[in-house]
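Structure data (compact mmCIF, C-alpha atoms and all ligand atoms) from coords.txt:
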# COMPACT_ATOMS: atom_id res chain seq x y z
CA MET I 5 -12.47 23.21 -14.99
CA GLU I 6 -9.01 22.44 -13.70
CA ARG I 7 -10.12 18.93 -12.75
CA GLN I 8 -11.38 18.28 -16.29
CA HIS I 9 -8.20 19.68 -17.75
CA ILE I 10 -6.07 17.42 -15.53
CA ALA I 11 -8.23 14.37 -16.18
CA SER I 12 -8.02 14.79 -19.95
CA LYS I 13 -4.36 15.86 -19.95
CA PHE I 14 -3.22 12.81 -17.95
CA PRO I 15 -5.45 9.91 -19.00
CA VAL I 16 -2.87 7.24 -18.16
CA LYS I 17 -1.16 7.21 -14.77
CA VAL I 18 1.26 5.17 -12.67
CA GLU I 19 1.16 5.08 -8.87
CA LEU I 20 3.94 3.78 -6.64
CA HIS I 21 2.97 4.92 -3.14
CA VAL I 22 -0.52 4.05 -1.98
CA HIS I 23 -1.42 2.11 1.15
CA MET I 24 -4.10 -0.33 0.05
CA ASP I 25 -5.13 -0.68 3.70
CA GLY I 26 -5.57 3.11 3.66
CA ALA I 27 -7.44 3.19 0.34
CA ALA I 28 -10.76 1.63 1.29
CA ARG I 29 -13.96 3.11 -0.08
CA HIS I 30 -15.91 5.06 2.52
CA GLN I 31 -19.16 3.36 1.50
CA THR I 32 -17.54 -0.05 1.95
CA ILE I 33 -16.38 0.88 5.45
CA VAL I 34 -19.94 1.95 6.31
CA ASP I 35 -21.41 -1.26 4.83
CA VAL I 36 -18.98 -3.64 6.49
CA ALA I 37 -19.05 -1.76 9.79
CA ALA I 38 -22.83 -2.19 9.85
CA SER I 39 -22.68 -5.89 9.03
CA ARG I 40 -19.94 -6.58 11.62
CA GLY I 41 -21.41 -4.24 14.25
CA LEU I 42 -18.33 -2.01 14.33
CA ILE I 43 -17.58 1.75 14.49
CA PRO I 44 -20.34 3.46 16.42
CA HIS I 45 -21.94 6.62 15.01
CA CYS I 46 -20.95 6.06 11.40
CA ASP I 47 -24.01 4.90 9.54
CA THR I 48 -23.43 7.20 6.56
CA VAL I 49 -20.38 8.18 4.52
CA GLN I 50 -20.75 11.71 5.86
CA THR I 51 -20.62 10.71 9.52
CA LEU I 52 -17.74 8.34 8.82
CA LYS I 53 -15.77 11.08 7.07
CA GLN I 54 -16.30 13.41 10.01
CA GLN I 55 -14.44 10.86 12.14
CA ILE I 56 -11.57 9.86 9.87
CA VAL I 57 -10.95 12.34 7.05
CA PHE I 58 -8.38 15.09 7.37
CA SER I 59 -9.10 18.42 5.81
CA LYS I 60 -6.74 20.65 7.82
CA PRO I 61 -2.97 20.29 8.38
CA SER I 62 -2.22 18.06 11.33
CA THR I 63 0.53 15.59 12.23
CA LEU I 64 1.63 12.21 10.90
CA ASP I 65 0.92 10.62 14.27
CA ARG I 66 -2.63 11.99 14.29
CA LEU I 67 -3.16 10.70 10.75
CA LEU I 68 -2.03 7.24 11.80
CA GLN I 69 -4.63 7.34 14.60
CA SER I 70 -7.40 7.60 12.00
CA PHE I 71 -6.47 4.10 10.89
CA ALA I 72 -7.41 2.79 14.32
CA THR I 73 -10.98 3.94 13.72
CA PHE I 74 -11.70 2.24 10.41
CA SER I 75 -9.18 -0.63 10.18
CA PRO I 76 -11.14 -2.95 12.55
CA VAL I 77 -13.71 -3.18 9.74
CA PHE I 78 -11.25 -5.14 7.60
CA ALA I 79 -8.83 -6.68 10.09
CA GLY I 80 -9.50 -10.33 10.76
CA SER I 81 -12.14 -10.74 8.04
CA ARG I 82 -11.29 -12.65 4.88
CA ASP I 83 -14.35 -11.37 3.04
CA ALA I 84 -13.68 -7.75 3.96
CA VAL I 85 -9.99 -7.96 2.96
CA TYR I 86 -10.96 -9.56 -0.35
CA ARG I 87 -13.46 -6.78 -1.03
CA LEU I 88 -10.91 -4.12 -0.07
CA ALA I 89 -8.33 -5.45 -2.55
CA TYR I 90 -10.83 -6.11 -5.33
CA GLU I 91 -12.41 -2.65 -5.11
CA PHE I 92 -8.94 -1.12 -5.00
CA CYS I 93 -8.39 -2.45 -8.54
CA GLU I 94 -11.64 -0.92 -9.77
CA ASP I 95 -10.90 2.44 -8.14
CA CYS I 96 -7.42 2.58 -9.69
CA SER I 97 -8.81 1.64 -13.07
CA LEU I 98 -11.47 4.38 -12.88
CA GLN I 99 -8.68 6.91 -12.34
CA GLY I 100 -6.77 5.80 -15.44
CA ILE I 101 -4.03 4.14 -13.43
CA LYS I 102 -2.33 1.62 -15.69
CA TYR I 103 0.10 0.23 -13.15
CA VAL I 104 0.06 0.50 -9.36
CA GLU I 105 2.16 -0.87 -6.52
CA ALA I 106 -0.22 -1.58 -3.64
CA ARG I 107 1.39 -1.65 -0.21
CA TYR I 108 -0.09 -2.93 3.03
CA SER I 109 0.82 -4.51 6.34
CA PRO I 110 -0.24 -8.18 6.44
CA HIS I 111 -0.01 -8.09 10.24
CA LEU I 112 -2.32 -5.14 10.76
CA LEU I 113 -5.04 -6.93 8.76
CA ALA I 114 -4.58 -10.26 10.57
CA ASN I 115 -6.01 -11.40 13.90
CA THR I 116 -3.78 -14.29 14.98
CA PHE I 117 -2.41 -12.42 17.98
CA GLU I 118 -3.40 -12.45 21.61
CA LYS I 119 -4.20 -8.77 21.26
CA PRO I 120 -4.59 -7.88 17.57
CA VAL I 121 -3.78 -4.23 16.85
CA TYR I 122 -6.91 -3.55 14.80
CA ALA I 123 -9.01 -6.73 14.64
CA PRO I 124 -11.86 -6.63 17.14
CA GLU I 125 -10.90 -10.02 18.56
CA PRO I 126 -8.29 -12.78 18.14
CA GLY I 127 -8.94 -15.41 15.46
CA ASN I 128 -7.26 -17.59 12.86
CA PHE I 129 -6.78 -15.15 9.94
CA SER I 130 -2.98 -15.04 9.79
CA PRO I 131 -0.66 -12.57 8.03
CA ARG I 132 -0.04 -15.32 5.47
CA ASP I 133 -3.82 -15.69 4.94
CA VAL I 134 -4.00 -11.93 4.40
CA VAL I 135 -1.39 -12.08 1.63
CA THR I 136 -3.10 -15.08 0.05
CA THR I 137 -6.49 -13.35 0.12
CA VAL I 138 -5.15 -10.06 -1.25
CA GLY I 139 -3.37 -11.99 -4.01
CA GLU I 140 -6.58 -13.76 -5.04
CA ALA I 141 -8.57 -10.53 -5.04
CA LEU I 142 -5.94 -8.65 -7.03
CA GLN I 143 -5.73 -11.44 -9.57
CA GLN I 144 -9.48 -11.23 -10.16
CA GLY I 145 -9.49 -7.42 -10.02
CA THR I 146 -6.66 -6.94 -12.49
CA ARG I 147 -8.47 -9.24 -14.93
CA ASP I 148 -11.85 -7.55 -14.50
CA PHE I 149 -10.56 -3.98 -14.65
CA ASN I 150 -7.62 -4.31 -17.02
CA ILE I 151 -4.87 -2.88 -14.84
CA GLN I 152 -1.56 -4.20 -13.55
CA VAL I 153 -0.92 -4.40 -9.80
CA LYS I 154 2.12 -5.52 -7.82
CA GLU I 155 2.33 -5.71 -4.04
CA ILE I 156 4.70 -4.22 -1.46
CA LEU I 157 4.56 -5.67 2.07
CA CYS I 158 5.08 -3.21 4.92
CA CYS I 159 7.03 -3.63 8.12
CA ILE I 160 5.78 -1.28 10.82
CA ARG I 161 8.44 0.70 12.65
CA ASN I 162 6.97 0.23 16.12
CA PHE I 163 6.37 -3.52 15.61
CA PRO I 164 9.87 -4.83 14.79
CA GLU I 165 8.81 -8.32 15.95
CA TRP I 166 6.80 -8.72 12.71
CA SER I 167 9.53 -7.80 10.25
CA LEU I 168 11.20 -11.17 9.71
CA GLU I 169 7.84 -12.72 8.88
CA VAL I 170 7.20 -9.85 6.45
CA ALA I 171 10.49 -10.73 4.72
CA SER I 172 9.61 -14.41 4.46
CA LEU I 173 6.15 -13.54 3.05
CA CYS I 174 7.84 -11.33 0.43
CA ARG I 175 9.94 -14.30 -0.62
CA GLU I 176 7.10 -16.81 -0.59
CA PHE I 177 4.76 -14.61 -2.65
CA ARG I 178 7.39 -13.17 -4.97
CA SER I 179 5.29 -13.72 -8.11
CA SER I 180 3.08 -10.81 -7.01
CA VAL I 181 5.06 -9.17 -4.18
CA VAL I 182 7.91 -7.06 -5.54
CA ALA I 183 9.27 -5.29 -2.47
CA ILE I 184 9.41 -4.66 1.27
CA ASP I 185 8.73 -1.30 2.96
CA VAL I 186 8.87 0.13 6.46
CA ALA I 187 6.05 2.46 7.49
CA GLY I 188 4.47 3.90 10.64
CA PRO I 189 5.67 6.62 12.99
CA GLU I 190 9.10 7.99 12.08
CA PHE I 191 11.97 7.26 14.44
CA LEU I 192 15.48 5.83 14.05
CA SER I 193 16.15 2.19 14.88
CA GLY I 194 18.63 3.24 17.55
CA LYS I 195 22.23 2.40 18.32
CA ASP I 196 21.95 -1.33 17.84
CA ALA I 197 21.00 -1.03 14.19
CA THR I 198 22.88 -4.19 13.20
CA GLN I 199 20.41 -6.28 15.19
CA CYS I 200 17.37 -4.26 14.18
CA PRO I 201 14.75 -6.69 12.81
CA HIS I 202 13.73 -4.21 10.08
CA LYS I 203 17.29 -4.13 8.86
CA LEU I 204 17.60 -7.92 8.96
CA ALA I 205 14.32 -8.24 7.05
CA PHE I 206 15.48 -5.78 4.39
CA LYS I 207 18.75 -7.73 4.07
CA GLU I 208 16.89 -11.01 3.64
CA VAL I 209 14.73 -9.51 0.91
CA GLU I 210 17.75 -7.95 -0.82
CA ASP I 211 19.60 -11.29 -0.75
CA ALA I 212 16.54 -12.91 -2.34
CA GLY I 213 16.73 -10.42 -5.23
CA LEU I 214 13.62 -8.45 -4.25
CA HIS I 215 13.25 -4.68 -3.97
CA ARG I 216 13.25 -2.22 -1.05
CA THR I 217 11.54 1.08 -0.39
CA ALA I 218 11.33 2.88 2.97
CA HIS I 219 9.29 5.71 4.42
CA ALA I 220 11.84 8.33 5.48
CA SER I 221 12.27 12.04 6.09
CA GLU I 222 8.56 12.64 5.72
CA VAL I 223 8.30 14.73 8.87
CA ARG I 224 11.68 14.03 10.51
CA SER I 225 15.14 15.11 9.42
CA SER I 226 17.36 13.71 6.69
CA VAL I 227 19.01 11.33 9.20
CA MET I 228 16.05 9.04 8.46
CA MET I 229 17.15 8.91 4.82
CA TYR I 230 20.73 8.06 5.74
CA GLU I 231 19.35 5.12 7.73
CA ALA I 232 17.01 4.04 4.91
CA LEU I 233 19.70 4.18 2.23
CA ASP I 234 22.79 3.08 4.13
CA GLU I 235 21.34 0.66 6.70
CA TYR I 236 18.27 -0.73 4.92
CA HIS I 237 19.61 -0.36 1.36
CA ALA I 238 16.34 1.15 0.21
CA GLU I 239 16.22 1.81 -3.53
CA ARG I 240 13.36 4.29 -3.25
CA ILE I 241 12.22 6.63 -0.50
CA GLY I 242 8.65 7.21 0.58
CA HIS I 243 8.29 11.03 0.80
CA GLY I 244 11.84 12.31 1.50
CA TYR I 245 10.80 15.99 1.74
CA ARG I 246 13.32 16.65 4.52
CA SER I 247 16.21 15.59 2.29
CA LEU I 248 16.30 19.31 1.57
CA ASP I 249 17.46 19.94 5.16
CA CYS I 250 20.86 18.48 4.32
CA ASP I 251 22.66 19.65 1.20
CA LYS I 252 24.90 16.58 1.17
CA MET I 253 21.88 14.26 1.15
CA TYR I 254 20.01 16.32 -1.43
CA GLN I 255 23.01 16.33 -3.78
CA ARG I 256 23.17 12.56 -3.35
CA VAL I 257 19.46 12.26 -4.22
CA LEU I 258 20.09 14.21 -7.42
CA LYS I 259 23.35 12.50 -8.36
CA GLU I 260 22.28 8.92 -7.63
CA ARG I 261 18.78 9.48 -9.07
CA ILE I 262 17.21 8.17 -5.87
CA HIS I 263 13.49 7.95 -6.47
CA LEU I 264 11.30 9.97 -4.09
CA GLU I 265 7.69 8.77 -3.89
CA THR I 266 6.09 12.11 -3.05
CA CYS I 267 2.48 12.64 -1.97
CA PRO I 268 1.31 16.26 -2.38
CA ILE I 269 -1.91 16.29 -0.33
CA SER I 270 -0.51 13.99 2.32
CA SER I 271 2.54 16.22 2.73
CA ILE I 272 0.34 19.19 3.64
CA LEU I 273 -1.93 17.31 6.04
CA THR I 274 0.81 15.42 7.93
CA GLY I 275 3.01 18.46 8.45
CA GLY I 276 5.60 17.06 6.02
CA ALA I 277 5.74 20.45 4.33
CA PRO I 278 5.67 23.03 7.13
CA ASN I 279 5.32 25.99 4.76
CA GLY I 280 2.14 24.59 3.26
CA LYS I 281 1.82 25.09 -0.45
CA SER I 282 4.47 27.80 -0.79
CA ASN I 283 8.09 26.84 -1.45
CA HIS I 284 6.98 23.24 -1.44
CA PRO I 285 9.77 20.61 -1.56
CA ILE I 286 8.06 18.87 -4.49
CA LEU I 287 8.35 22.04 -6.60
CA ARG I 288 12.07 22.13 -5.84
CA PHE I 289 12.36 18.43 -6.80
CA ALA I 290 10.59 19.14 -10.10
CA GLN I 291 12.69 22.22 -10.89
CA ASP I 292 15.92 20.38 -10.09
CA LYS I 293 14.84 17.43 -12.26
CA ALA I 294 15.01 15.05 -9.31
CA ASN I 295 13.62 11.55 -9.79
CA PHE I 296 10.20 11.90 -8.12
CA SER I 297 6.64 10.64 -8.60
CA LEU I 298 3.24 11.93 -7.44
CA ASN I 299 1.06 9.65 -5.32
CA THR I 300 -2.02 9.59 -3.07
CA ASP I 301 -0.64 7.78 0.04
CA ASP I 302 -3.88 7.18 2.02
CA PRO I 303 -7.08 8.02 0.12
CA THR I 304 -9.40 6.84 2.91
CA VAL I 305 -8.17 9.44 5.38
CA LEU I 306 -7.11 12.11 2.87
CA ASP I 307 -10.23 11.75 0.68
CA ASN I 308 -8.15 12.17 -2.47
CA THR I 309 -7.62 10.71 -5.93
CA LEU I 310 -4.49 10.97 -8.03
CA THR I 311 -6.16 13.77 -10.01
CA ASP I 312 -6.57 15.73 -6.75
CA ASP I 313 -2.87 15.27 -6.06
CA TYR I 314 -1.96 16.47 -9.56
CA MET I 315 -4.16 19.53 -8.97
CA THR I 316 -2.45 20.20 -5.65
CA ALA I 317 0.96 19.78 -7.28
CA LYS I 318 -0.07 22.47 -9.78
CA GLU I 319 -0.94 24.74 -6.87
CA PHE I 320 2.62 24.23 -5.63
CA GLY I 321 3.75 25.57 -9.02
CA LEU I 322 4.42 22.39 -10.98
CA SER I 323 3.72 22.57 -14.71
CA ASP I 324 1.90 20.00 -16.83
CA ASP I 325 5.31 18.92 -18.14
CA HIS I 326 6.55 18.33 -14.60
CA ILE I 327 3.55 16.07 -13.98
CA THR I 328 4.06 14.12 -17.21
CA GLN I 329 7.72 13.69 -16.27
CA SER I 330 6.68 12.38 -12.84
CA ILE I 331 4.52 9.70 -14.51
CA PHE I 332 7.48 8.52 -16.60
CA ASN I 333 9.74 8.67 -13.52
CA ALA I 334 7.27 6.41 -11.71
CA ALA I 335 7.22 3.89 -14.54
CA ARG I 336 11.02 3.81 -14.82
CA SER I 337 11.50 3.53 -11.03
CA SER I 338 8.80 0.91 -10.63
CA PHE I 339 9.74 -2.49 -9.27
CA LEU I 340 8.48 -4.30 -12.35
CA PRO I 341 10.85 -6.76 -14.04
CA GLU I 342 12.81 -4.95 -16.79
CA ALA I 343 10.85 -6.38 -19.72
CA GLU I 344 7.50 -5.40 -18.17
CA LYS I 345 8.86 -1.98 -17.27
CA LYS I 346 9.80 -1.41 -20.91
CA LEU I 347 6.29 -2.34 -21.97
CA LEU I 348 4.78 0.07 -19.44
CA VAL I 349 7.03 2.90 -20.61
CA SER I 350 6.10 2.16 -24.23
CA GLU I 351 2.40 2.41 -23.27
CA LEU I 352 3.11 5.84 -21.81
CA VAL I 353 5.03 6.91 -24.91
CA LYS I 354 1.96 6.12 -27.03
CA VAL I 355 -0.04 8.61 -24.95
CA TYR I 356 2.49 11.31 -24.08
CA GLY I 357 5.15 11.04 -26.80
CA ALA I 358 8.76 9.89 -26.72
CA GLN I 359 10.45 13.05 -25.36
CA TRP I 360 10.19 12.11 -21.65
ZN ZN A 1 3.00 6.10 3.05
As a first step, turn the structure in this file into structure tokens.
Ligand SMILES: [Zn+2]
Amino acid sequence: MERQHIASKFPVKVELHVHMDGAARHQTIVDVAASRGLIPHCDTVQTLKQQIVFSKPSTLDRLLQSFATFSPVFAGSRDAVYRLAYEFCEDCSLQGIKYVEARYSPHLLANTFEKPVYAPEPGNFSPRDVVTTVGEALQQGTRDFNIQVKEILCCIRNFPEWSLEVASLCREFRSSVVAIDVAGPEFLSGKDATQCPHKLAFKEVEDAGLHRTAHASEVRSSVMMYEALDEYHAERIGHGYRSLDCDKMYQRVLKERIHLETCPISSILTGGAPNGKSNHPILRFAQDKANFSLNTDDPTVLDNTLTDDYMTAKEFGLSDDHITQSIFNAARSSFLPEAEKKLLVSELVKVYGAQW
């Protein structure tokens, strides 16, 4: 009942924080794994899910390990990456998502390394080939399924040697790539932050007039957010639940209208919200009228849709109005060019009214 209510109440959605390389269909993983002879003991969606889906609270690090199980299916294969990106468009469209920013790591899907992280073996599918392939698939997918998609390229915290190439790919593909991100396990860059490649990459992207978002304070303290905002000049924060640990930071979030890309289901399963559903940080953000959005994060391992996340947000205590506001917040904090952003907001106004 609640699902139907949510689906009909929020027919048009905007999503800012979803890892496309963590949003593969389970059936596609099973199909491609079979054709490439990968992932033992997963010949059905059910057996695959038993290996990779989280249903109980765990840790962020454990969640990231799930990627190691299914990512080899896509990494290093042009056809598989194309299918991943194309189906992503269809899945978003089926959920009523009008505009989505799809983030991924070009390096984790490539195989031009002596020892690729996920690809089963080295090859000639480079990070640049990944971005080209994703771009082609998204172009076709957005046409076929009538949605708008922009890309965010991810640096990975524990692979700083990739970050400068991520920045140059952002610049080269700026017609479809709108921003850079840093993802992966949460830890500070360390004392020598001025020479940190992530920071240099963010600076290069900023100088080129592109946008920045950073995963921060998801499971670690608000010091991560100080680094993201003051060192990386991030305009948005992925998660940011632990901003509540530091009143000075939280007041800054409210005052400067820093956008927090929150992910309700993810926050429970990664340990981002240690109290579970009670006293959830997202409820506080909503009550304090912070600038936040609701997102899925990693549907492959969390087995969720945006509707599931809206339902979970309601269990935290958010009202329908809070959710509508979060959709408008997402549109206004999107990295679309201003004219396109206005159009998106006007589409939302047609559905939800002008009071948001
Ligand atoms: Zn994320």
Using only C-alpha atoms and all ligand atoms, the shortest atom-to-atom distance to ligand ZN 1 (chain A) among I:Leu347, I:Ala187, I:Leu67, I:Ile262 belongs to I:Ala187
Could you produce a table of the residues of chain I lying within 7 Å of ligand ZN 1 (chain A), with the nearest pair of atoms per residue and their separation in Å rounded to one decimal, using only C-alpha atoms and all ligand atoms, ordered by chain and increasing residue number, as a tab-separated table?
residue	atom	partner	partner_atom	distance
I:His21	CA	A:ZN1	ZN	6.3
I:Val22	CA	A:ZN1	ZN	6.5
I:His23	CA	A:ZN1	ZN	6.3
I:Ala187	CA	A:ZN1	ZN	6.5
I:His219	CA	A:ZN1	ZN	6.4
I:Gly242	CA	A:ZN1	ZN	6.3
I:Asp301	CA	A:ZN1	ZN	5.0
Counting only C-alpha atoms, the residue among I:Cys96, I:Ala317, I:Ala89, I:Val223 that lies closest to Thr274 (chain I) is I:Val223
Sort by chain and increasing residue number a table of all residues of region 33-97 of chain I within 12 Å of region 277-295 of chain I, each with its closest pair of atoms and their distance in Å to one decimal, counting all atoms listed in the file, and write it as JSON lines.
{"residue": "I:Lys60", "atom": "CA", "partner": "I:Gly280", "partner_atom": "CA", "distance": 10.7}
{"residue": "I:Pro61", "atom": "CA", "partner": "I:Gly280", "partner_atom": "CA", "distance": 8.4}
{"residue": "I:Ser62", "atom": "CA", "partner": "I:Pro278", "partner_atom": "CA", "distance": 10.2}
{"residue": "I:Thr63", "atom": "CA", "partner": "I:Pro278", "partner_atom": "CA", "distance": 10.4}
{"residue": "I:Leu64", "atom": "CA", "partner": "I:Ala277", "partner_atom": "CA", "distance": 11.3}
Practice item. Could you check which of I:Glu19, I:Glu176, I:Glu260, I:Asp65 is closest to Val104 (chain I), using all atoms listed in the file? Key: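 Looking at the shortest contact to Val104 (chain I), the residue is I:Glu19.
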- Query: Using all atoms listed in the file, which residues sit within 12 Å of Val182 (chain I) once same-chain residues fewer than 3 positions away are excluded, as a ChimeraX atom specification?
  - Reply: /I:20,104-107,153-158,171,173-179,185,209-210,212-217,338-341
* **Selection near Ala335 (chain I), 8 Å with all atoms listed in the file, sequence-local residues under 4 positions removed, as a PyMOL selection string** => chain I and resi 18+331+345+348-349
Using C-alpha atoms, can you write the selected residues to a file as a compact mmCIF listing (two decimals), in the coordinates of the input?
# COMPACT_ATOMS: atom_id res chain seq x y z
CA VAL I 18 1.26 5.17 -12.67
CA ILE I 331 4.52 9.70 -14.51
CA LYS I 345 8.86 -1.98 -17.27
CA LEU I 348 4.78 0.07 -19.44
CA VAL I 349 7.03 2.90 -20.61
**Prompt:** Separation of CA of Glu190 (chain I) and CA of Asp95 (chain I), in Å?
**Reply:**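 Rounded to one decimal, the two atoms are 29.0 Å apart.
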For region 304-314 of chain I, I'd like the enclosing box, axis-aligned and padded by 8 Å on every side, reported as JSON with centre and edge lengths in Å to one decimal.
{"center_x": -6.1, "center_y": 11.7, "center_z": -2.3, "size_x": 24.3, "size_y": 25.6, "size_z": 31.4}
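For the pair CA of Ile101 (chain I) and CA of Ile151 (chain I), the interatomic distance is 7.2 Å.
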**Residue neighbourhood Phe92 (chain I), 9 Å, all atoms listed in the file, exclusion window fewer than 2 positions, as a PyMOL selection string** = chain I and resi 24+27-29+87-90+94-97+106+142+145
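From CA of Ile327 (chain I) back to CA of Asp25 (chain I), the distance works out to 25.9 Å.
With all atoms listed in the file as the atoms that count, the minimum distance from Phe149 (chain I) to the choices I:Val134, I:Ala183, I:Ala84, I:Leu98 is reached by I:Leu98.
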Notebook entry, point to check: So which residues touch Gln50 (chain I) within 12 Å, counting all atoms listed in the file, skipping near sequence neighbours fewer than 4 positions away, as a list of chain:residue names?
Noted result: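 Close residues of Gln50 (chain I): I:His30, I:Gln31, I:Ile33, I:Val34, I:His45, I:Cys46, I:Gln54, I:Gln55, I:Ile56, I:Val57, I:Asp307.
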Counting all atoms listed in the file, closest pick from I:Arg82, I:His243, I:Arg336, I:Lys102 relative to Thr146 (chain I) is I:Lys102
(message) Residues proximal to (18.3, 6.7, 5.9) were defined as those with any atom within 10 Å of that point in the file's coordinates, counting all atoms listed in the file. Which are they, as a ChimeraX atom specification?
(response) /I:192,218-221,225-238,241,244,247,253
Using all atoms listed in the file, which residue out of I:Tyr103, I:Tyr245, I:Tyr122, I:Tyr86 lies closest to Ala334 (chain I)?
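Closest candidate: I:Tyr103.
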At a cut-off of 9 Å, using only C-alpha atoms, what residues contact region 72-75 of chain I? Leave out same-chain residues fewer than 3 positions from it and give the result as a ChimeraX atom specification.
/I:25-26,33,37,42-43,52,55-56,68-69,78-79,112-113,121-123
Expected answer as a ChimeraX atom specification: all residues with atoms within 10 Å of (-1.3, 15.2, -24.3), all atoms listed in the file:
/I:12-15,324-325,328,355-357
